[in-house]
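**Q** Structure incoming, see below.
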Amino acid sequence: MQIIIRNEEQQDEEQLKRLIRMSCEESFLINILKSKHLVNKLTAFEGKRLVGALIAWKSTFHPHCIYLRIVIDPFYYNENIPKRLLDELSIDRQLPLQTSIWDTNIALREFYEANGFKYIRKTCMPTLSLSRVTEMEQQVANVINNIEGKIVTVANILGDKQLKKKLTLLAKDVYQNTHEDNPVAEMGVEAWESLVYPDDLISEGSLICLGVNQEIKAFSMLHKSEDDDTLELGWCGSVDTQTIPLIPELVLQQITYAKELGYQHLQGEFDTTSVYAMEVLKRISFPPSASWHTYQK
């Protein structure tokens, strides 16, 4: 099998789409190829058949690394193809490389670990079936009765500039603290507000716990999903370690909120580098799911 590595502007988009689907990769990679953020791309061909590709790009939100994705035709896989693609990559190596893959992609996980990539985090992405959470309803009632603080929705505070800014800055601190291996860009409050309050935010289902002096103790955001019967948990956090246990209590109320509105599923995205997200998984039983593994070199 003779593999030819190419670095050229044109690519067979249909073959690349097929390769991405076969690799269970995300379709946004096609959009990256057409964007200004693309840094480099390499392709591996056997004859006229595309059997591998490497795509590298930058992010304005996380500018301190170069994102990398390798996709290989599983019927042509051998460790020589990703190694040759990586060796041919011509970029500014002052920035670290970062990549993420599904935990089921054993071949590439072994390749990255054997070639100097450091394991950064695991991201669990379970989906909770809301038709099976009736046993949580009494738990929610107990939470409401015993929680120390006042629970309000984000919708309640959007008109209060001071509280809105407090939540923005707390969410910013939480996000930065959980992404120390790949720092975010320096941005002003307005830019962070656009991230904390995006268009898909469900403000009536996003919850905040306030203290007696109107200080924000904890928060958990809720978002629309691409699927009409599903909602997604968003960023969560607390002001200190003592108030972290408030977060799963807020999530329990969001579960009830979603169920009462007739939604069937609630999705979560939980990074192991976030003590806040891990507290939710410790306290609430989500079903087993595939996970996303992130490596850096």
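Chain labels run A, B, ... following the order of the structure tokens; each chain numbers its residues from 1, and ligands are numbered from 1 in the order shown.
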Can you tell me which residues surround Asp199 of chain A at a distance of at most 12 Å, considering only C-alpha atoms, apart from same-chain residues fewer than 4 positions away, and format the answer as a list in words?
**A**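 My list of contacting residues is Glu193, Ser194, Leu195, Ser203, Leu222, His223, Lys224 and Ser225 of chain A.
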**Q** Emit the selected residues as a PDB file, in the first residue's frame, including C-alpha atoms.
**A**
```
ATOM      1  CA  GLU A 193     -21.785  38.703  28.438  1.00  0.00           C
ATOM      2  CA  SER A 194     -22.350  37.496  24.891  1.00  0.00           C
ATOM      3  CA  LEU A 195     -20.981  34.082  25.959  1.00  0.00           C
ATOM      4  CA  SER A 203     -33.277  32.356  31.041  1.00  0.00           C
ATOM      5  CA  LEU A 222     -29.875  25.835  30.705  1.00  0.00           C
ATOM      6  CA  HIS A 223     -29.988  25.969  26.900  1.00  0.00           C
ATOM      7  CA  LYS A 224     -32.062  24.951  23.913  1.00  0.00           C
ATOM      8  CA  SER A 225     -30.848  22.000  21.881  1.00  0.00           C
TER       9      SER A 225
END
```
**Q** Please provide the set of residues having any atom within 10 Å of Cys209 of chain A, restricted to only C-alpha atoms, with same-chain residues fewer than 6 positions apart removed, written as a PDB file with C-alpha atoms, in the first residue's frame.
**A**
```
ATOM      1  CA  ILE A 147     -31.500  25.056  50.476  1.00  0.00           C
ATOM      2  CA  GLU A 148     -29.655  27.929  52.127  1.00  0.00           C
ATOM      3  CA  GLY A 149     -30.335  30.928  49.940  1.00  0.00           C
ATOM      4  CA  LYS A 150     -32.882  32.350  47.551  1.00  0.00           C
ATOM      5  CA  ILE A 151     -33.316  30.679  44.163  1.00  0.00           C
ATOM      6  CA  VAL A 152     -34.026  33.043  41.247  1.00  0.00           C
ATOM      7  CA  THR A 153     -33.947  32.610  37.492  1.00  0.00           C
ATOM      8  CA  GLU A 215     -24.341  37.892  46.488  1.00  0.00           C
ATOM      9  CA  ILE A 216     -24.347  35.075  43.932  1.00  0.00           C
ATOM     10  CA  LYS A 217     -23.489  31.806  45.646  1.00  0.00           C
ATOM     11  CA  ALA A 218     -23.957  29.371  42.729  1.00  0.00           C
ATOM     12  CA  PHE A 219     -25.464  29.142  39.252  1.00  0.00           C
ATOM     13  CA  SER A 220     -26.445  26.617  36.590  1.00  0.00           C
ATOM     14  CA  SER A 238     -20.073  28.662  42.582  1.00  0.00           C
ATOM     15  CA  THR A 243     -21.027  26.532  47.992  1.00  0.00           C
ATOM     16  CA  LEU A 246     -25.553  24.030  45.797  1.00  0.00           C
ATOM     17  CA  ILE A 247     -24.951  23.323  42.097  1.00  0.00           C
ATOM     18  CA  GLU A 249     -29.448  21.178  43.883  1.00  0.00           C
ATOM     19  CA  LEU A 250     -30.013  23.767  41.162  1.00  0.00           C
TER      20      LEU A 250
END
```
**Q** Record the distance separating atom CA of Asn156 of chain A and atom CA of Pro248 of chain A, expressed in Å with one decimal.
**A** 20.4 Å
**Q** Quick check for you: according to DSSP on this backbone, which residues of segment 60-236 of chain A are classed as alpha helix (DSSP H)? Reply as a ChimeraX atom specification.
**A** /A:80-88,106-114,137-146,154-157,161-177,189-196
**Q** Hey, can you spit out that residue selection with C-alpha atoms as a PDB file, in the first residue's frame?
**A**
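This is the output file selection16.pdb:
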```pdb
ATOM      1  CA  ASN A  80       2.206   5.025   9.828  1.00  0.00           C
ATOM      2  CA  ILE A  81      -0.543   7.219   8.293  1.00  0.00           C
ATOM      3  CA  PRO A  82      -1.199   9.500  11.318  1.00  0.00           C
ATOM      4  CA  LYS A  83       2.551   9.615  12.035  1.00  0.00           C
ATOM      5  CA  ARG A  84       3.346  10.755   8.515  1.00  0.00           C
ATOM      6  CA  LEU A  85       0.555  13.341   8.597  1.00  0.00           C
ATOM      7  CA  LEU A  86       1.812  14.707  11.913  1.00  0.00           C
ATOM      8  CA  ASP A  87       5.442  14.767  10.749  1.00  0.00           C
ATOM      9  CA  GLU A  88       4.458  16.729   7.644  1.00  0.00           C
ATOM     10  CA  ILE A 106      -8.638   3.299  20.621  1.00  0.00           C
ATOM     11  CA  ALA A 107      -6.204   3.404  17.694  1.00  0.00           C
ATOM     12  CA  LEU A 108      -5.761   7.191  17.708  1.00  0.00           C
ATOM     13  CA  ARG A 109      -5.717   7.360  21.505  1.00  0.00           C
ATOM     14  CA  GLU A 110      -2.821   4.912  21.536  1.00  0.00           C
ATOM     15  CA  PHE A 111      -1.114   6.864  18.739  1.00  0.00           C
ATOM     16  CA  TYR A 112      -1.305  10.192  20.589  1.00  0.00           C
ATOM     17  CA  GLU A 113      -0.117   8.686  23.864  1.00  0.00           C
ATOM     18  CA  ALA A 114       2.818   6.996  22.097  1.00  0.00           C
ATOM     19  CA  GLU A 137     -39.178  14.611  42.525  1.00  0.00           C
ATOM     20  CA  GLN A 138     -39.211  14.144  46.301  1.00  0.00           C
ATOM     21  CA  GLN A 139     -35.516  14.948  46.340  1.00  0.00           C
ATOM     22  CA  VAL A 140     -36.304  18.243  44.607  1.00  0.00           C
ATOM     23  CA  ALA A 141     -38.984  19.036  47.172  1.00  0.00           C
ATOM     24  CA  ASN A 142     -36.477  18.443  49.970  1.00  0.00           C
ATOM     25  CA  VAL A 143     -33.923  20.655  48.213  1.00  0.00           C
ATOM     26  CA  ILE A 144     -36.363  23.552  47.912  1.00  0.00           C
ATOM     27  CA  ASN A 145     -37.196  23.297  51.603  1.00  0.00           C
ATOM     28  CA  ASN A 146     -33.631  22.993  52.846  1.00  0.00           C
ATOM     29  CA  VAL A 154     -31.570  34.441  35.183  1.00  0.00           C
ATOM     30  CA  ALA A 155     -34.676  36.038  33.688  1.00  0.00           C
ATOM     31  CA  ASN A 156     -35.266  37.656  37.094  1.00  0.00           C
ATOM     32  CA  ILE A 157     -31.887  39.421  37.113  1.00  0.00           C
ATOM     33  CA  LYS A 161     -27.183  45.557  35.682  1.00  0.00           C
ATOM     34  CA  GLN A 162     -25.213  44.940  38.864  1.00  0.00           C
ATOM     35  CA  LEU A 163     -26.370  41.342  39.359  1.00  0.00           C
ATOM     36  CA  LYS A 164     -26.031  40.598  35.655  1.00  0.00           C
ATOM     37  CA  LYS A 165     -22.415  41.794  35.735  1.00  0.00           C
ATOM     38  CA  LYS A 166     -21.726  39.784  38.910  1.00  0.00           C
ATOM     39  CA  LEU A 167     -22.949  36.607  37.214  1.00  0.00           C
ATOM     40  CA  THR A 168     -20.913  37.380  34.093  1.00  0.00           C
ATOM     41  CA  LEU A 169     -17.710  37.837  36.105  1.00  0.00           C
ATOM     42  CA  LEU A 170     -18.321  34.721  38.197  1.00  0.00           C
ATOM     43  CA  ALA A 171     -18.943  32.627  35.066  1.00  0.00           C
ATOM     44  CA  LYS A 172     -15.752  34.087  33.558  1.00  0.00           C
ATOM     45  CA  ASP A 173     -13.696  33.138  36.625  1.00  0.00           C
ATOM     46  CA  VAL A 174     -15.163  29.636  36.710  1.00  0.00           C
ATOM     47  CA  TYR A 175     -14.447  29.036  33.021  1.00  0.00           C
ATOM     48  CA  GLN A 176     -10.889  30.358  33.249  1.00  0.00           C
ATOM     49  CA  ASN A 177     -10.141  28.237  36.311  1.00  0.00           C
ATOM     50  CA  VAL A 189     -17.142  42.257  30.141  1.00  0.00           C
ATOM     51  CA  GLU A 190     -19.325  42.831  27.074  1.00  0.00           C
ATOM     52  CA  ALA A 191     -17.651  39.985  25.198  1.00  0.00           C
ATOM     53  CA  TRP A 192     -18.130  37.681  28.170  1.00  0.00           C
ATOM     54  CA  GLU A 193     -21.785  38.703  28.438  1.00  0.00           C
ATOM     55  CA  SER A 194     -22.350  37.496  24.891  1.00  0.00           C
ATOM     56  CA  LEU A 195     -20.981  34.082  25.959  1.00  0.00           C
ATOM     57  CA  VAL A 196     -22.866  33.870  29.245  1.00  0.00           C
TER      58      VAL A 196
END
```
**Q** Calculated over only C-alpha atoms, which of the candidates A:Val280, A:Leu19, A:Leu38, A:Gln98 has the smallest distance to Phe75 of chain A?
**A** A:Leu19
**Q** Could you list, as a PyMOL selection string, every residue within 9 Å of segment 26-30 of chain A, counting only C-alpha atoms and ignoring same-chain residues fewer than 4 positions away?
**A** chain A and resi 13+16-17+20-21+34+55+69
**Q** Nearest residue to Pro287 of chain A out of A:Val239, A:Leu130, A:Ile5, A:Val212, using only C-alpha atoms?
**A**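 Checking each of A:Val239, A:Leu130, A:Ile5, A:Val212 against Pro287 of chain A, counting only C-alpha atoms, the winner is A:Leu130.
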**Q** Restricting the calculation to only C-alpha atoms, which member of A:Ile70, A:Leu95, A:Ile120, A:Ala44 is positioned closest to Thr272 of chain A?
**A**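 Looking only at the distances to Thr272 of chain A, the closest residue turns out to be A:Ile120.
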**Q** Fewer than 5 positions away in the same chain doesn't count, so skip those; otherwise give me all residues within 10 Å of Gly268 of chain A, counting only C-alpha atoms, as a list in words.
**A**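 In the requested form, the answer reads Thr123, Cys124, Met125, Pro126, Thr127, Leu128, Leu222, Leu231, Glu232, Leu233, Gly234, Trp235, Ala277, Val280, Leu281 and Phe286 of chain A.
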**Q** Store the residues of this selection in a file with N, CA and C atoms, as a PDB file, in the first residue's frame.
**A**
```
ATOM      1  N   THR A 123     -14.249  14.560  28.877  1.00  0.00           N
ATOM      2  CA  THR A 123     -15.532  15.252  28.898  1.00  0.00           C
ATOM      3  C   THR A 123     -16.633  14.213  28.726  1.00  0.00           C
ATOM      4  N   CYS A 124     -17.452  14.051  29.771  1.00  0.00           N
ATOM      5  CA  CYS A 124     -18.568  13.119  29.724  1.00  0.00           C
ATOM      6  C   CYS A 124     -19.796  13.839  29.163  1.00  0.00           C
ATOM      7  N   MET A 125     -20.520  13.184  28.274  1.00  0.00           N
ATOM      8  CA  MET A 125     -21.681  13.814  27.638  1.00  0.00           C
ATOM      9  C   MET A 125     -22.906  12.906  27.699  1.00  0.00           C
ATOM     10  N   PRO A 126     -23.414  12.674  28.914  1.00  0.00           N
ATOM     11  CA  PRO A 126     -24.565  11.784  29.065  1.00  0.00           C
ATOM     12  C   PRO A 126     -25.879  12.483  28.742  1.00  0.00           C
ATOM     13  N   THR A 127     -26.886  11.670  28.462  1.00  0.00           N
ATOM     14  CA  THR A 127     -28.237  12.168  28.226  1.00  0.00           C
ATOM     15  C   THR A 127     -29.183  11.496  29.224  1.00  0.00           C
ATOM     16  N   LEU A 128     -29.900  12.311  29.973  1.00  0.00           N
ATOM     17  CA  LEU A 128     -30.819  11.819  30.987  1.00  0.00           C
ATOM     18  C   LEU A 128     -32.220  11.743  30.391  1.00  0.00           C
ATOM     19  N   LEU A 222     -29.104  26.801  31.486  1.00  0.00           N
ATOM     20  CA  LEU A 222     -29.875  25.835  30.705  1.00  0.00           C
ATOM     21  C   LEU A 222     -30.061  26.398  29.296  1.00  0.00           C
ATOM     22  N   LEU A 231     -33.247  19.487  26.166  1.00  0.00           N
ATOM     23  CA  LEU A 231     -32.574  20.685  26.664  1.00  0.00           C
ATOM     24  C   LEU A 231     -31.154  20.311  27.067  1.00  0.00           C
ATOM     25  N   GLU A 232     -30.279  21.330  27.141  1.00  0.00           N
ATOM     26  CA  GLU A 232     -28.879  21.085  27.480  1.00  0.00           C
ATOM     27  C   GLU A 232     -28.459  21.900  28.694  1.00  0.00           C
ATOM     28  N   LEU A 233     -27.800  21.246  29.631  1.00  0.00           N
ATOM     29  CA  LEU A 233     -27.183  21.956  30.745  1.00  0.00           C
ATOM     30  C   LEU A 233     -25.976  22.728  30.232  1.00  0.00           C
ATOM     31  N   GLY A 234     -25.796  23.954  30.726  1.00  0.00           N
ATOM     32  CA  GLY A 234     -24.677  24.779  30.299  1.00  0.00           C
ATOM     33  C   GLY A 234     -23.657  24.965  31.402  1.00  0.00           C
ATOM     34  N   TRP A 235     -23.024  26.122  31.426  1.00  0.00           N
ATOM     35  CA  TRP A 235     -22.020  26.408  32.442  1.00  0.00           C
ATOM     36  C   TRP A 235     -22.649  26.399  33.830  1.00  0.00           C
ATOM     37  N   ALA A 277     -18.686  20.750  37.684  1.00  0.00           N
ATOM     38  CA  ALA A 277     -19.355  19.727  36.885  1.00  0.00           C
ATOM     39  C   ALA A 277     -19.245  18.355  37.550  1.00  0.00           C
ATOM     40  N   VAL A 280     -21.857  17.690  40.152  1.00  0.00           N
ATOM     41  CA  VAL A 280     -23.159  17.283  39.611  1.00  0.00           C
ATOM     42  C   VAL A 280     -23.179  15.777  39.370  1.00  0.00           C
ATOM     43  N   LEU A 281     -22.120  15.244  38.754  1.00  0.00           N
ATOM     44  CA  LEU A 281     -22.078  13.807  38.481  1.00  0.00           C
ATOM     45  C   LEU A 281     -21.989  12.980  39.763  1.00  0.00           C
ATOM     46  N   PHE A 286     -26.487  10.147  36.264  1.00  0.00           N
ATOM     47  CA  PHE A 286     -26.691  10.162  34.818  1.00  0.00           C
ATOM     48  C   PHE A 286     -26.324   8.787  34.266  1.00  0.00           C
TER      49      PHE A 286
END
```
**Q** Step one, run DSSP on the backbone; step two, keep only residues of segment 59-150 of chain A assigned to strand (DSSP E or B); then write them as a ChimeraX atom specification.
**A** /A:66-72,97-102,118-124,127-129,150
**Q** Might you pull out every residue within 10 Å of Phe61 of chain A, with only C-alpha atoms counted and same-chain residues fewer than 3 positions away left off, and present them as JSON, numbers by chain?
**A** {"A": [58, 64, 183, 184, 185, 186, 187]}
**Q** Store the residues picked out above, limited to C-alpha atoms, as a tab-separated table (two decimals), in the first residue's frame.
**A**
```
chain	number	residue	atom	x	y	z
A	58	LYS	CA	-6.82	28.38	15.56
A	64	HIS	CA	-2.91	29.87	23.00
A	183	PRO	CA	-6.21	29.69	28.54
A	184	VAL	CA	-8.88	31.89	27.01
A	185	ALA	CA	-8.25	35.21	25.28
A	186	GLU	CA	-8.30	38.48	27.18
A	187	MET	CA	-11.80	39.90	26.70
```
**Q** Counting only C-alpha atoms, what is within 12 Å of Lys36 of chain A, bar same-chain residues fewer than 4 positions away, as a ChimeraX atom specification?
**A** /A:31-32,40,56-60
**Q** Please produce an output containing N, CA and C atoms for each residue in the selection, written as a PDB file, in the first residue's frame.
**A**
```pdb
ATOM      1  N   ASN A  31     -16.569  22.925   7.774  1.00  0.00           N
ATOM      2  CA  ASN A  31     -16.636  24.392   7.813  1.00  0.00           C
ATOM      3  C   ASN A  31     -15.275  25.007   8.127  1.00  0.00           C
ATOM      4  N   ILE A  32     -14.483  24.322   8.964  1.00  0.00           N
ATOM      5  CA  ILE A  32     -13.141  24.820   9.289  1.00  0.00           C
ATOM      6  C   ILE A  32     -12.297  24.964   8.026  1.00  0.00           C
ATOM      7  N   ASN A  40      -3.614  24.740   8.593  1.00  0.00           N
ATOM      8  CA  ASN A  40      -2.999  23.814   7.651  1.00  0.00           C
ATOM      9  C   ASN A  40      -3.903  22.600   7.503  1.00  0.00           C
ATOM     10  N   ALA A  56      -5.731  21.452  10.919  1.00  0.00           N
ATOM     11  CA  ALA A  56      -5.244  22.261  12.041  1.00  0.00           C
ATOM     12  C   ALA A  56      -5.825  23.664  11.917  1.00  0.00           C
ATOM     13  N   TRP A  57      -6.252  24.220  13.055  1.00  0.00           N
ATOM     14  CA  TRP A  57      -6.865  25.543  13.035  1.00  0.00           C
ATOM     15  C   TRP A  57      -6.641  26.261  14.365  1.00  0.00           C
ATOM     16  N   LYS A  58      -6.910  27.566  14.355  1.00  0.00           N
ATOM     17  CA  LYS A  58      -6.817  28.379  15.561  1.00  0.00           C
ATOM     18  C   LYS A  58      -8.201  28.846  15.990  1.00  0.00           C
ATOM     19  N   SER A  59      -8.317  29.227  17.247  1.00  0.00           N
ATOM     20  CA  SER A  59      -9.564  29.744  17.807  1.00  0.00           C
ATOM     21  C   SER A  59      -9.309  31.124  18.395  1.00  0.00           C
ATOM     22  N   THR A  60     -10.217  32.063  18.135  1.00  0.00           N
ATOM     23  CA  THR A  60     -10.068  33.391  18.734  1.00  0.00           C
ATOM     24  C   THR A  60     -10.385  33.347  20.224  1.00  0.00           C
TER      25      THR A  60
END
```
**Q** Go through A:Asp12, A:His293, A:Thr43, A:Asp240 and flag the residue nearest Leu89 of chain A, using only C-alpha atoms for the distances.
**A**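 With only C-alpha atoms as the atom set, the closest residue is A:Thr43.
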